[in-house]
file query00.cif (mmCIF, C-alpha atoms)
data_run
loop_
_atom_site.label_atom_id
_atom_site.label_comp_id
_atom_site.auth_asym_id
_atom_site.auth_seq_id
_atom_site.Cartn_x
_atom_site.Cartn_y
_atom_site.Cartn_z
CA MET A 1 108.43 103.78 80.65
CA ALA A 2 106.26 104.97 83.52
CA SER A 3 108.16 105.73 86.69
CA VAL A 4 107.68 107.73 89.85
CA GLN A 5 109.76 110.52 88.42
CA SER A 6 108.46 110.39 84.84
CA ALA A 7 104.96 109.08 84.20
CA GLU A 8 104.00 107.95 80.73
CA SER A 9 102.90 110.60 78.25
CA SER A 10 99.20 109.86 78.79
CA GLY A 11 99.33 111.51 82.21
CA SER A 12 100.75 111.47 85.72
CA ILE A 13 100.82 108.34 87.84
CA ALA A 14 97.69 109.54 89.65
CA ASP A 15 95.88 110.26 86.36
CA VAL A 16 96.77 106.94 84.73
CA TYR A 17 95.91 105.05 87.92
CA GLU A 18 92.55 106.80 88.18
CA ARG A 19 91.74 105.94 84.56
CA ASP A 20 93.07 102.38 84.33
CA GLY A 21 93.34 101.19 87.94
CA PHE A 22 97.01 100.26 87.49
CA ILE A 23 100.35 101.56 86.29
CA PHE A 24 103.63 99.92 85.35
CA PRO A 25 106.57 99.73 85.23
CA ILE A 26 107.81 101.67 88.22
CA ASP A 27 111.57 101.62 88.71
CA VAL A 28 112.16 100.59 92.32
CA VAL A 29 115.68 99.15 92.72
CA SER A 30 118.42 98.05 90.37
CA ALA A 31 118.46 94.50 89.09
CA ALA A 32 121.49 93.79 91.26
CA GLU A 33 119.70 95.08 94.39
CA ALA A 34 116.61 93.00 93.62
CA GLU A 35 118.74 89.92 93.05
CA ALA A 36 120.39 90.49 96.45
CA VAL A 37 116.96 90.59 98.14
CA ARG A 38 115.99 87.41 96.30
CA ALA A 39 119.25 85.74 97.37
CA ASP A 40 118.53 86.65 101.00
CA LEU A 41 115.04 85.18 100.68
CA GLU A 42 116.29 81.97 99.10
CA ALA A 43 118.99 81.59 101.74
CA ALA A 44 116.27 81.96 104.39
CA GLU A 45 114.11 79.38 102.59
CA ALA A 46 117.03 76.95 102.70
CA GLU A 47 117.60 77.62 106.41
CA LEU A 48 113.92 76.94 107.17
CA ALA A 49 113.51 73.98 104.82
CA ASP A 50 112.92 71.61 107.74
CA ASP A 51 110.53 73.97 109.54
CA PRO A 52 107.39 74.25 107.39
CA LYS A 53 105.56 76.44 109.91
CA ARG A 54 108.24 79.12 109.87
CA LEU A 55 108.79 78.71 106.14
CA ALA A 56 105.11 79.55 105.57
CA VAL A 57 105.45 82.64 107.78
CA LEU A 58 108.57 83.71 105.89
CA ARG A 59 106.61 83.68 102.63
CA ALA A 60 103.58 85.45 104.10
CA TYR A 61 105.46 88.00 106.25
CA PRO A 62 108.91 88.48 104.67
CA ASP A 63 109.10 92.11 105.83
CA ARG A 64 108.57 91.08 109.46
CA VAL A 65 111.40 88.53 109.62
CA LEU A 66 113.98 89.74 107.06
CA PRO A 67 115.49 93.25 107.28
CA SER A 68 116.06 93.21 103.50
CA PHE A 69 112.29 93.10 102.93
CA ASP A 70 111.62 95.70 105.61
CA ASN A 71 113.94 97.97 103.62
CA LEU A 72 112.03 97.12 100.45
CA ILE A 73 108.59 98.11 101.78
CA ARG A 74 110.12 101.45 102.87
CA ASN A 75 111.79 102.07 99.49
CA PRO A 76 111.43 105.77 98.54
CA ASN A 77 110.30 104.99 94.99
CA LEU A 78 107.48 102.76 96.26
CA ILE A 79 106.49 105.28 98.94
CA ALA A 80 106.43 108.05 96.30
CA ALA A 81 104.22 106.00 93.98
CA ALA A 82 101.77 104.87 96.67
CA SER A 83 101.60 108.41 98.08
CA GLN A 84 100.39 109.73 94.74
CA VAL A 85 97.22 107.65 95.02
CA LEU A 86 96.75 107.35 98.80
CA GLY A 87 98.36 110.46 100.22
CA PRO A 88 101.34 110.86 102.57
CA ASP A 89 100.23 108.60 105.43
CA LEU A 90 100.96 104.96 104.66
CA MET A 91 100.97 101.57 106.34
CA VAL A 92 101.81 98.16 104.89
CA TRP A 93 99.06 95.62 105.57
CA SER A 94 101.11 92.76 104.11
CA SER A 95 103.96 92.04 101.71
CA GLY A 96 103.38 88.38 100.92
CA LEU A 97 105.37 86.52 98.30
CA PHE A 98 103.97 85.13 95.08
CA ILE A 99 106.41 82.47 93.92
CA LYS A 100 106.05 80.27 90.85
CA ASP A 101 108.83 77.74 90.59
CA ALA A 102 110.44 76.97 87.25
CA ASN A 103 108.07 75.18 84.86
CA SER A 104 105.26 75.43 87.40
CA PRO A 105 101.53 75.08 86.62
CA LYS A 106 100.66 77.46 89.46
CA ILE A 107 98.33 80.30 88.48
CA VAL A 108 96.36 83.14 90.03
CA SER A 109 92.73 83.23 88.90
CA TRP A 110 90.86 86.40 87.98
CA HIS A 111 90.00 88.14 91.24
CA GLN A 112 89.75 91.42 93.15
CA ASP A 113 92.15 91.78 96.07
CA LEU A 114 89.83 93.36 98.61
CA THR A 115 87.20 90.62 98.40
CA TYR A 116 88.28 88.71 101.52
CA TRP A 117 90.64 91.02 103.41
CA GLY A 118 88.00 92.25 105.84
CA LEU A 119 88.99 95.92 105.49
CA ASP A 120 86.32 98.59 105.80
CA ASP A 121 87.23 100.72 102.77
CA ALA A 122 89.14 100.67 99.47
CA GLU A 123 91.94 103.05 100.43
CA GLU A 124 94.56 100.45 99.44
CA THR A 125 97.01 99.89 96.62
CA THR A 126 99.26 96.93 95.85
CA CYS A 127 102.81 97.47 94.62
CA TRP A 128 103.98 94.16 93.12
CA VAL A 129 107.79 94.14 93.09
CA ALA A 130 109.55 91.79 90.69
CA LEU A 131 112.53 90.06 92.32
CA SER A 132 112.99 88.11 89.09
CA SER A 133 111.86 88.84 85.56
CA ALA A 134 108.06 88.78 85.20
CA SER A 135 107.33 88.00 81.56
CA GLU A 136 104.33 86.49 79.83
CA ALA A 137 106.25 83.20 79.71
CA SER A 138 106.96 83.29 83.45
CA GLY A 139 103.36 84.17 84.36
CA CYS A 140 103.28 87.93 84.84
CA MET A 141 100.08 89.57 86.01
CA LYS A 142 97.33 90.64 83.63
CA PHE A 143 95.07 93.60 84.40
CA VAL A 144 91.67 94.58 82.96
CA PRO A 145 91.82 98.37 82.49
CA GLY A 146 89.04 100.29 84.19
CA SER A 147 87.66 97.29 86.08
CA HIS A 148 88.58 98.98 89.39
CA LYS A 149 85.59 101.27 88.87
CA LYS A 150 83.30 98.34 89.62
CA GLN A 151 82.43 97.52 93.20
CA LEU A 152 83.39 94.08 94.50
CA VAL A 153 81.68 91.43 92.40
CA ALA A 154 80.72 87.89 93.39
CA HIS A 155 83.58 85.39 93.75
CA LYS A 156 83.55 81.63 94.15
CA ASP A 157 86.03 79.47 96.06
CA THR A 158 87.72 76.62 94.19
CA PHE A 159 90.55 75.59 96.53
CA ASP A 160 92.35 74.46 93.37
CA GLU A 161 95.79 73.10 94.31
CA ASN A 162 97.37 75.04 91.44
CA ASN A 163 95.86 78.37 92.51
CA LEU A 164 98.14 80.53 94.67
CA LEU A 165 95.23 82.39 96.28
CA THR A 166 94.11 81.47 99.79
CA ARG A 167 90.74 80.06 98.82
CA GLY A 168 91.44 79.59 95.11
CA GLN A 169 88.94 82.40 94.75
CA GLU A 170 87.89 83.57 91.32
CA ILE A 171 85.46 86.08 89.93
CA ALA A 172 82.08 84.45 89.36
CA VAL A 173 81.33 86.57 86.28
CA GLU A 174 82.87 86.08 82.85
CA VAL A 175 86.15 87.90 82.18
CA ASN A 176 87.28 88.27 78.58
CA GLU A 177 90.93 87.17 78.51
CA GLU A 178 91.51 89.46 75.53
CA ASP A 179 90.78 92.47 77.73
CA GLY A 180 93.82 91.70 79.89
CA VAL A 181 96.98 93.82 79.68
CA SER A 182 100.18 91.92 80.52
CA ALA A 183 102.22 93.69 83.22
CA VAL A 184 105.68 92.69 82.02
CA LEU A 185 108.36 93.72 84.53
CA GLU A 186 112.13 93.57 84.59
CA THR A 187 113.89 92.51 87.78
CA GLY A 188 113.69 95.43 90.23
CA GLN A 189 110.58 97.01 88.72
CA ALA A 190 107.05 97.11 90.11
CA SER A 191 103.46 97.52 89.08
CA MET A 192 100.80 99.22 91.19
CA HIS A 193 97.12 98.30 91.13
CA HIS A 194 93.83 99.14 92.85
CA GLY A 195 92.20 96.66 95.23
CA HIS A 196 89.08 96.40 93.05
CA LEU A 197 90.97 95.76 89.80
CA PHE A 198 90.34 92.49 87.95
CA HIS A 199 93.71 90.74 87.64
CA ALA A 200 95.18 87.25 87.20
CA SER A 201 98.35 85.46 86.11
CA GLY A 202 99.23 82.29 84.24
CA PRO A 203 101.75 79.47 84.75
CA ASN A 204 105.52 79.82 84.67
CA THR A 205 106.87 78.03 81.60
CA THR A 206 110.47 79.22 82.04
CA ASN A 207 113.48 77.60 83.70
CA ASP A 208 113.71 80.22 86.48
CA ARG A 209 111.51 80.96 89.47
CA ARG A 210 109.15 83.90 89.18
CA VAL A 211 109.39 85.72 92.52
CA GLY A 212 107.40 88.78 93.48
CA SER A 213 106.45 90.60 96.67
CA ALA A 214 102.92 92.03 96.75
CA ILE A 215 103.24 95.03 99.08
CA ARG A 216 99.80 96.25 100.18
CA TYR A 217 99.83 99.92 101.20
CA ILE A 218 96.81 101.27 103.09
CA LYS A 219 95.78 104.54 104.68
CA PRO A 220 95.89 104.47 108.51
CA SER A 221 92.19 105.40 108.50
CA MET A 222 91.39 101.87 107.29
CA LYS A 223 90.47 99.19 109.83
CA GLN A 224 89.43 95.56 110.02
CA ARG A 225 85.64 95.28 110.01
CA SER A 226 85.96 92.59 112.70
CA GLY A 227 87.62 95.03 115.09
CA ASP A 228 90.84 93.00 115.10
CA ARG A 229 94.08 94.99 115.29
CA SER A 230 96.06 93.14 112.63
CA LEU A 231 99.81 93.61 112.30
CA VAL A 232 101.06 96.40 110.02
CA ALA A 233 104.22 98.39 109.37
CA HIS A 234 103.93 102.19 109.53
CA VAL A 235 106.14 103.38 106.66
CA ALA A 236 105.28 107.04 105.97
CA GLY A 237 103.51 110.05 107.47
CA GLU A 238 101.31 109.92 110.55
CA ASP A 239 98.95 107.43 112.16
CA ASN A 240 96.21 109.39 113.89
CA PHE A 241 93.82 106.46 114.25
CA GLY A 242 95.46 103.53 116.08
CA HIS A 243 93.38 100.88 114.30
CA PHE A 244 96.21 98.36 113.92
CA THR A 245 99.09 96.80 115.82
CA VAL A 246 102.16 98.56 114.47
CA ALA A 247 105.31 96.46 114.24
CA GLY A 248 108.71 98.06 114.18
CA PRO A 249 111.45 96.79 111.87
CA PRO A 250 112.58 93.20 112.51
CA LYS A 251 114.84 92.86 115.55
CA GLY A 252 117.22 90.84 113.38
CA ARG A 253 117.19 88.12 110.75
CA LEU A 254 114.81 85.18 111.32
CA LEU A 255 114.57 85.85 115.05
CA ASP A 256 112.18 83.99 117.33
CA GLU A 257 110.53 87.15 118.69
CA ASP A 258 109.72 88.38 115.20
CA PHE A 259 108.21 85.02 114.25
CA GLU A 260 106.09 85.08 117.42
CA LEU A 261 104.53 88.40 116.36
CA CYS A 262 103.66 86.86 113.01
CA PHE A 263 102.22 83.69 114.54
CA ARG A 264 99.83 85.80 116.61
CA ASP A 265 98.78 87.83 113.59
CA LEU A 266 98.40 84.68 111.51
CA GLU A 267 95.45 83.64 113.65
CA ILE A 268 93.72 86.96 112.91
CA LYS A 269 94.46 86.84 109.19
CA ARG A 270 93.28 83.26 108.80
CA ARG A 271 90.04 84.02 110.63
CA VAL A 272 89.43 87.08 108.45
CA LEU A 273 90.45 85.54 105.13
CA TYR A 274 88.52 82.30 105.64
CA GLU A 275 85.33 83.95 106.91
CA GLY A 276 82.32 82.00 105.69
CA VAL A 277 84.27 78.98 104.42
CA GLU A 278 82.63 76.58 106.89
CA GLN A 279 79.20 77.59 105.67
CA GLN A 280 80.20 77.34 102.00
CA SER A 281 82.35 74.26 101.83
CA GLY A 282 82.46 72.47 105.14
CA GLY A 283 85.75 73.98 106.22
CA GLY A 284 87.81 74.36 103.08
CA ASP A 285 91.56 74.00 103.21
CA LYS A 286 92.88 76.11 106.04
CA GLY A 287 96.24 74.45 105.76
CA ARG A 288 97.18 76.62 102.79
CA ALA A 289 100.15 78.82 103.59
CA THR A 290 99.19 81.78 101.41
CA LEU A 291 97.23 84.64 102.94
CA TYR A 292 95.87 86.56 99.96
#

call {"tool": "encode", "arguments": {"input": "query00.cif", "output": "structure tokens"}}
result
Amino acid sequence: MASVQSAESSGSIADVYERDGFIFPIDVVSAAEAEAVRADLEAAEAELADDPKRLAVLRAYPDRVLPSFDNLIRNPNLIAAASQVLGPDLMVWSSGLFIKDANSPKIVSWHQDLTYWGLDDAEETTCWVALSSASEASGCMKFVPGSHKKQLVAHKDTFDENNLLTRGQEIAVEVNEEDGVSAVLETGQASMHHGHLFHASGPNTTNDRRVGSAIRYIKPSMKQRSGDRSLVAHVAGEDNFGHFTVAGPPKGRLLDEDFELCFRDLEIKRRVLYEGVEQQSGGGDKGRATLY
């Protein structure tokens, strides 16, 4: 098992990541700790069930409105892993949730993360933390080894209702499914992958939700190409650039002032992530809650 403390025999975390563009599993928290974070999330979902606007923000910005998720993005095992590929100075650009309900047809098409994020460089890595078991049956991620060495390739927008991505975006070149490596994770483990890596996931055919938080670590030297100062959390090292709006930990649990910060940032993220949609498809579906 690959972990922050003990990488697999084929090399260190940095070496394996450089070669393949991903590494897993990384031991982050115990199963019991992960289940407690999930329970806090699901309690919050129940509390916001009649408030779809805040429920969408909860799922897109869990670390900004729930202290349990703020603790998760600052977890020492995740910081240690991300630091091995990005260095000691780290911010979290987002930590959005990817949830597939039990027996759900929802999928994530083959894509590269950095396609639509509007960031000026590729100094980013995503740590995907499993808050429930991520098996092939539940729709775990699949990675194409070495595909991170390609630059961003053409994508097309589908706006498929069963696609969890913002625009239903998918790579516009053929991807051989047999090249994919299934990133099977136990509850409390994580995978880490490069922003140019080809990856996807299938439907959940099990009787339990598949819940994961995609924590996007970036170097502070990164910036939005638009000049916007999007909302980030500064989680390690120094920020000598000031390119983003840095949010402190949540003031409490599901507090109005924390939601207001997120609502303001949501306007920036939607503008960045939907850039060009009007020209391509007459407006697309900007009502989608996901921001990925």

call {"tool": "residues_near_point", "arguments": {"input": "query00.cif", "point": "(111.6, 96.2, 81.4)", "cutoff": "10 Å", "atoms": "only C-alpha atoms", "output": "MDAnalysis selection string"}}
result
chainID A and resid 1 24:27 133:135 183:190

call {"tool": "resolve_selection", "arguments": {"input": "query00.cif", "expression": "the PyMOL selection byres ((chain A and resi 54-70) around 7)", "output": "number ranges by chain"}}
result
A: 37, 45, 48-49, 51-53, 71-74, 94-97, 249-250, 252-255, 258-259, 262, 289-291

call {"tool": "write_last_selection", "arguments": {"input": "query00.cif", "atoms": "C-alpha atoms", "output": "mmCIF file, in the coordinates of the input"}}
result
data_model
loop_
_atom_site.group_PDB
_atom_site.id
_atom_site.type_symbol
_atom_site.label_atom_id
_atom_site.label_comp_id
_atom_site.auth_asym_id
_atom_site.auth_seq_id
_atom_site.Cartn_x
_atom_site.Cartn_y
_atom_site.Cartn_z
ATOM 1 C CA VAL A 37 116.960 90.590 98.140
ATOM 2 C CA GLU A 45 114.110 79.380 102.590
ATOM 3 C CA LEU A 48 113.920 76.940 107.170
ATOM 4 C CA ALA A 49 113.510 73.980 104.820
ATOM 5 C CA ASP A 51 110.530 73.970 109.540
ATOM 6 C CA PRO A 52 107.390 74.250 107.390
ATOM 7 C CA LYS A 53 105.560 76.440 109.910
ATOM 8 C CA ASN A 71 113.940 97.970 103.620
ATOM 9 C CA LEU A 72 112.030 97.120 100.450
ATOM 10 C CA ILE A 73 108.590 98.110 101.780
ATOM 11 C CA ARG A 74 110.120 101.450 102.870
ATOM 12 C CA SER A 94 101.110 92.760 104.110
ATOM 13 C CA SER A 95 103.960 92.040 101.710
ATOM 14 C CA GLY A 96 103.380 88.380 100.920
ATOM 15 C CA LEU A 97 105.370 86.520 98.300
ATOM 16 C CA PRO A 249 111.450 96.790 111.870
ATOM 17 C CA PRO A 250 112.580 93.200 112.510
ATOM 18 C CA GLY A 252 117.220 90.840 113.380
ATOM 19 C CA ARG A 253 117.190 88.120 110.750
ATOM 20 C CA LEU A 254 114.810 85.180 111.320
ATOM 21 C CA LEU A 255 114.570 85.850 115.050
ATOM 22 C CA ASP A 258 109.720 88.380 115.200
ATOM 23 C CA PHE A 259 108.210 85.020 114.250
ATOM 24 C CA CYS A 262 103.660 86.860 113.010
ATOM 25 C CA ALA A 289 100.150 78.820 103.590
ATOM 26 C CA THR A 290 99.190 81.780 101.410
ATOM 27 C CA LEU A 291 97.230 84.640 102.940
#

call {"tool": "residues_around", "arguments": {"input": "query00.cif", "residues": "A:Glu136", "least_positions_apart": "6", "cutoff": "12 Å", "atoms": "all atoms listed in the file", "output": "NGL selection string"}}
result
:A and (142 or 180-186 or 200-206 or 210)

call {"tool": "closest_residue", "arguments": {"input": "query00.cif", "among": "A:Ala31, A:Ala14, A:Met91, A:Leu273", "to": "A:Phe241", "atoms": "only C-alpha atoms"}}
result
A:Met91

call {"tool": "closest_residue", "arguments": {"input": "query00.cif", "among": "A:Asp89, A:Asp101, A:Asp50, A:Asp179", "to": "A:Gly146", "atoms": "only C-alpha atoms"}}
result
A:Asp179

call {"tool": "atom_distance", "arguments": {"input": "query00.cif", "atom1": "atom CA of A:Ala137", "atom2": "atom CA of A:Asn176"}}
result
19.7 Å

call {"tool": "resolve_selection", "arguments": {"input": "query00.cif", "expression": "the PyMOL selection byres ((chain A and resi 221) around 8)", "output": "number ranges by chain"}}
result
A: 219-220, 222-223, 239-241, 243

call {"tool": "write_last_selection", "arguments": {"input": "query00.cif", "atoms": "C-alpha atoms", "output": "mmCIF file, in the coordinates of the input"}}
result
data_model
loop_
_atom_site.group_PDB
_atom_site.id
_atom_site.type_symbol
_atom_site.label_atom_id
_atom_site.label_comp_id
_atom_site.auth_asym_id
_atom_site.auth_seq_id
_atom_site.Cartn_x
_atom_site.Cartn_y
_atom_site.Cartn_z
ATOM 1 C CA LYS A 219 95.780 104.540 104.680
ATOM 2 C CA PRO A 220 95.890 104.470 108.510
ATOM 3 C CA MET A 222 91.390 101.870 107.290
ATOM 4 C CA LYS A 223 90.470 99.190 109.830
ATOM 5 C CA ASP A 239 98.950 107.430 112.160
ATOM 6 C CA ASN A 240 96.210 109.390 113.890
ATOM 7 C CA PHE A 241 93.820 106.460 114.250
ATOM 8 C CA HIS A 243 93.380 100.880 114.300
#

call {"tool": "closest_residue", "arguments": {"input": "query00.cif", "among": "A:Ser147, A:Ser104, A:Thr115, A:Thr126", "to": "A:Ser83", "atoms": "all atoms listed in the file"}}
result
A:Thr126

call {"tool": "closest_residue", "arguments": {"input": "query00.cif", "among": "A:Glu18, A:Val108, A:Ala122, A:His196", "to": "A:Gln84", "atoms": "all atoms listed in the file"}}
result
A:Glu18

call {"tool": "closest_residue", "arguments": {"input": "query00.cif", "among": "A:Leu131, A:Ala247, A:Leu114, A:Met141", "to": "A:Gln224", "atoms": "all atoms listed in the file"}}
result
A:Leu114

call {"tool": "closest_residue", "arguments": {"input": "query00.cif", "among": "A:Glu123, A:Ala81, A:Leu90, A:Ser109", "to": "A:Val246", "atoms": "all atoms listed in the file"}}
result
A:Leu90

call {"tool": "atom_distance", "arguments": {"input": "query00.cif", "atom1": "atom CA of A:His111", "atom2": "atom CA of A:Ser226"}}
result
22.3 Å

call {"tool": "resolve_selection", "arguments": {"input": "query00.cif", "expression": "the PyMOL selection byres ((chain A and resi 99) around 6)", "output": "list in words"}}
result
Phe98, Lys100, Arg210 and Val211 of chain A

call {"tool": "atom_distance", "arguments": {"input": "query00.cif", "atom1": "atom CA of A:Phe198", "atom2": "atom CA of A:Asp20"}}
result
10.9 Å

call {"tool": "decode", "arguments": {"input": "query00.cif", "residues": "stretch 229-245 of chain A", "atoms": "N, CA and C atoms", "output": "PDB file, in the first residue's frame"}}
result
ATOM      1  N   ARG A 229      -9.934  37.301  -7.774  1.00  0.00           N
ATOM      2  CA  ARG A 229      -9.306  36.789  -6.546  1.00  0.00           C
ATOM      3  C   ARG A 229     -10.272  35.794  -5.905  1.00  0.00           C
ATOM      4  N   SER A 230     -10.298  34.580  -6.444  1.00  0.00           N
ATOM      5  CA  SER A 230     -11.230  33.574  -5.942  1.00  0.00           C
ATOM      6  C   SER A 230     -10.856  33.153  -4.528  1.00  0.00           C
ATOM      7  N   LEU A 231     -11.810  32.528  -3.857  1.00  0.00           N
ATOM      8  CA  LEU A 231     -11.693  32.192  -2.440  1.00  0.00           C
ATOM      9  C   LEU A 231     -10.877  30.919  -2.258  1.00  0.00           C
ATOM     10  N   VAL A 232      -9.871  30.980  -1.404  1.00  0.00           N
ATOM     11  CA  VAL A 232      -9.044  29.807  -1.105  1.00  0.00           C
ATOM     12  C   VAL A 232      -8.817  29.717   0.399  1.00  0.00           C
ATOM     13  N   ALA A 233      -8.337  28.551   0.826  1.00  0.00           N
ATOM     14  CA  ALA A 233      -7.847  28.369   2.195  1.00  0.00           C
ATOM     15  C   ALA A 233      -6.340  28.203   2.128  1.00  0.00           C
ATOM     16  N   HIS A 234      -5.619  28.937   2.960  1.00  0.00           N
ATOM     17  CA  HIS A 234      -4.161  28.812   3.039  1.00  0.00           C
ATOM     18  C   HIS A 234      -3.866  27.783   4.126  1.00  0.00           C
ATOM     19  N   VAL A 235      -3.291  26.620   3.727  1.00  0.00           N
ATOM     20  CA  VAL A 235      -3.203  25.494   4.656  1.00  0.00           C
ATOM     21  C   VAL A 235      -1.776  25.118   5.047  1.00  0.00           C
ATOM     22  N   ALA A 236      -0.766  25.634   4.353  1.00  0.00           N
ATOM     23  CA  ALA A 236       0.613  25.281   4.710  1.00  0.00           C
ATOM     24  C   ALA A 236       1.582  26.293   4.113  1.00  0.00           C
ATOM     25  N   GLY A 237       2.686  26.544   4.839  1.00  0.00           N
ATOM     26  CA  GLY A 237       3.749  27.385   4.318  1.00  0.00           C
ATOM     27  C   GLY A 237       3.370  28.850   4.236  1.00  0.00           C
ATOM     28  N   GLU A 238       3.927  29.517   3.222  1.00  0.00           N
ATOM     29  CA  GLU A 238       3.778  30.958   3.064  1.00  0.00           C
ATOM     30  C   GLU A 238       3.016  31.308   1.792  1.00  0.00           C
ATOM     31  N   ASP A 239       2.371  32.462   1.823  1.00  0.00           N
ATOM     32  CA  ASP A 239       1.784  33.048   0.621  1.00  0.00           C
ATOM     33  C   ASP A 239       2.485  34.371   0.383  1.00  0.00           C
ATOM     34  N   ASN A 240       3.389  34.392  -0.590  1.00  0.00           N
ATOM     35  CA  ASN A 240       4.134  35.607  -0.900  1.00  0.00           C
ATOM     36  C   ASN A 240       3.624  36.295  -2.160  1.00  0.00           C
ATOM     37  N   PHE A 241       2.395  35.980  -2.562  1.00  0.00           N
ATOM     38  CA  PHE A 241       1.888  36.483  -3.837  1.00  0.00           C
ATOM     39  C   PHE A 241       0.597  37.290  -3.703  1.00  0.00           C
ATOM     40  N   GLY A 242      -0.329  36.865  -2.858  1.00  0.00           N
ATOM     41  CA  GLY A 242      -1.571  37.603  -2.665  1.00  0.00           C
ATOM     42  C   GLY A 242      -2.507  37.571  -3.859  1.00  0.00           C
ATOM     43  N   HIS A 243      -2.514  36.456  -4.597  1.00  0.00           N
ATOM     44  CA  HIS A 243      -3.347  36.362  -5.799  1.00  0.00           C
ATOM     45  C   HIS A 243      -4.802  35.992  -5.529  1.00  0.00           C
ATOM     46  N   PHE A 244      -5.112  35.556  -4.306  1.00  0.00           N
ATOM     47  CA  PHE A 244      -6.437  35.042  -3.993  1.00  0.00           C
ATOM     48  C   PHE A 244      -6.996  35.723  -2.744  1.00  0.00           C
ATOM     49  N   THR A 245      -8.289  35.547  -2.532  1.00  0.00           N
ATOM     50  CA  THR A 245      -8.916  35.937  -1.273  1.00  0.00           C
ATOM     51  C   THR A 245      -8.796  34.751  -0.320  1.00  0.00           C
TER      52      THR A 245
END
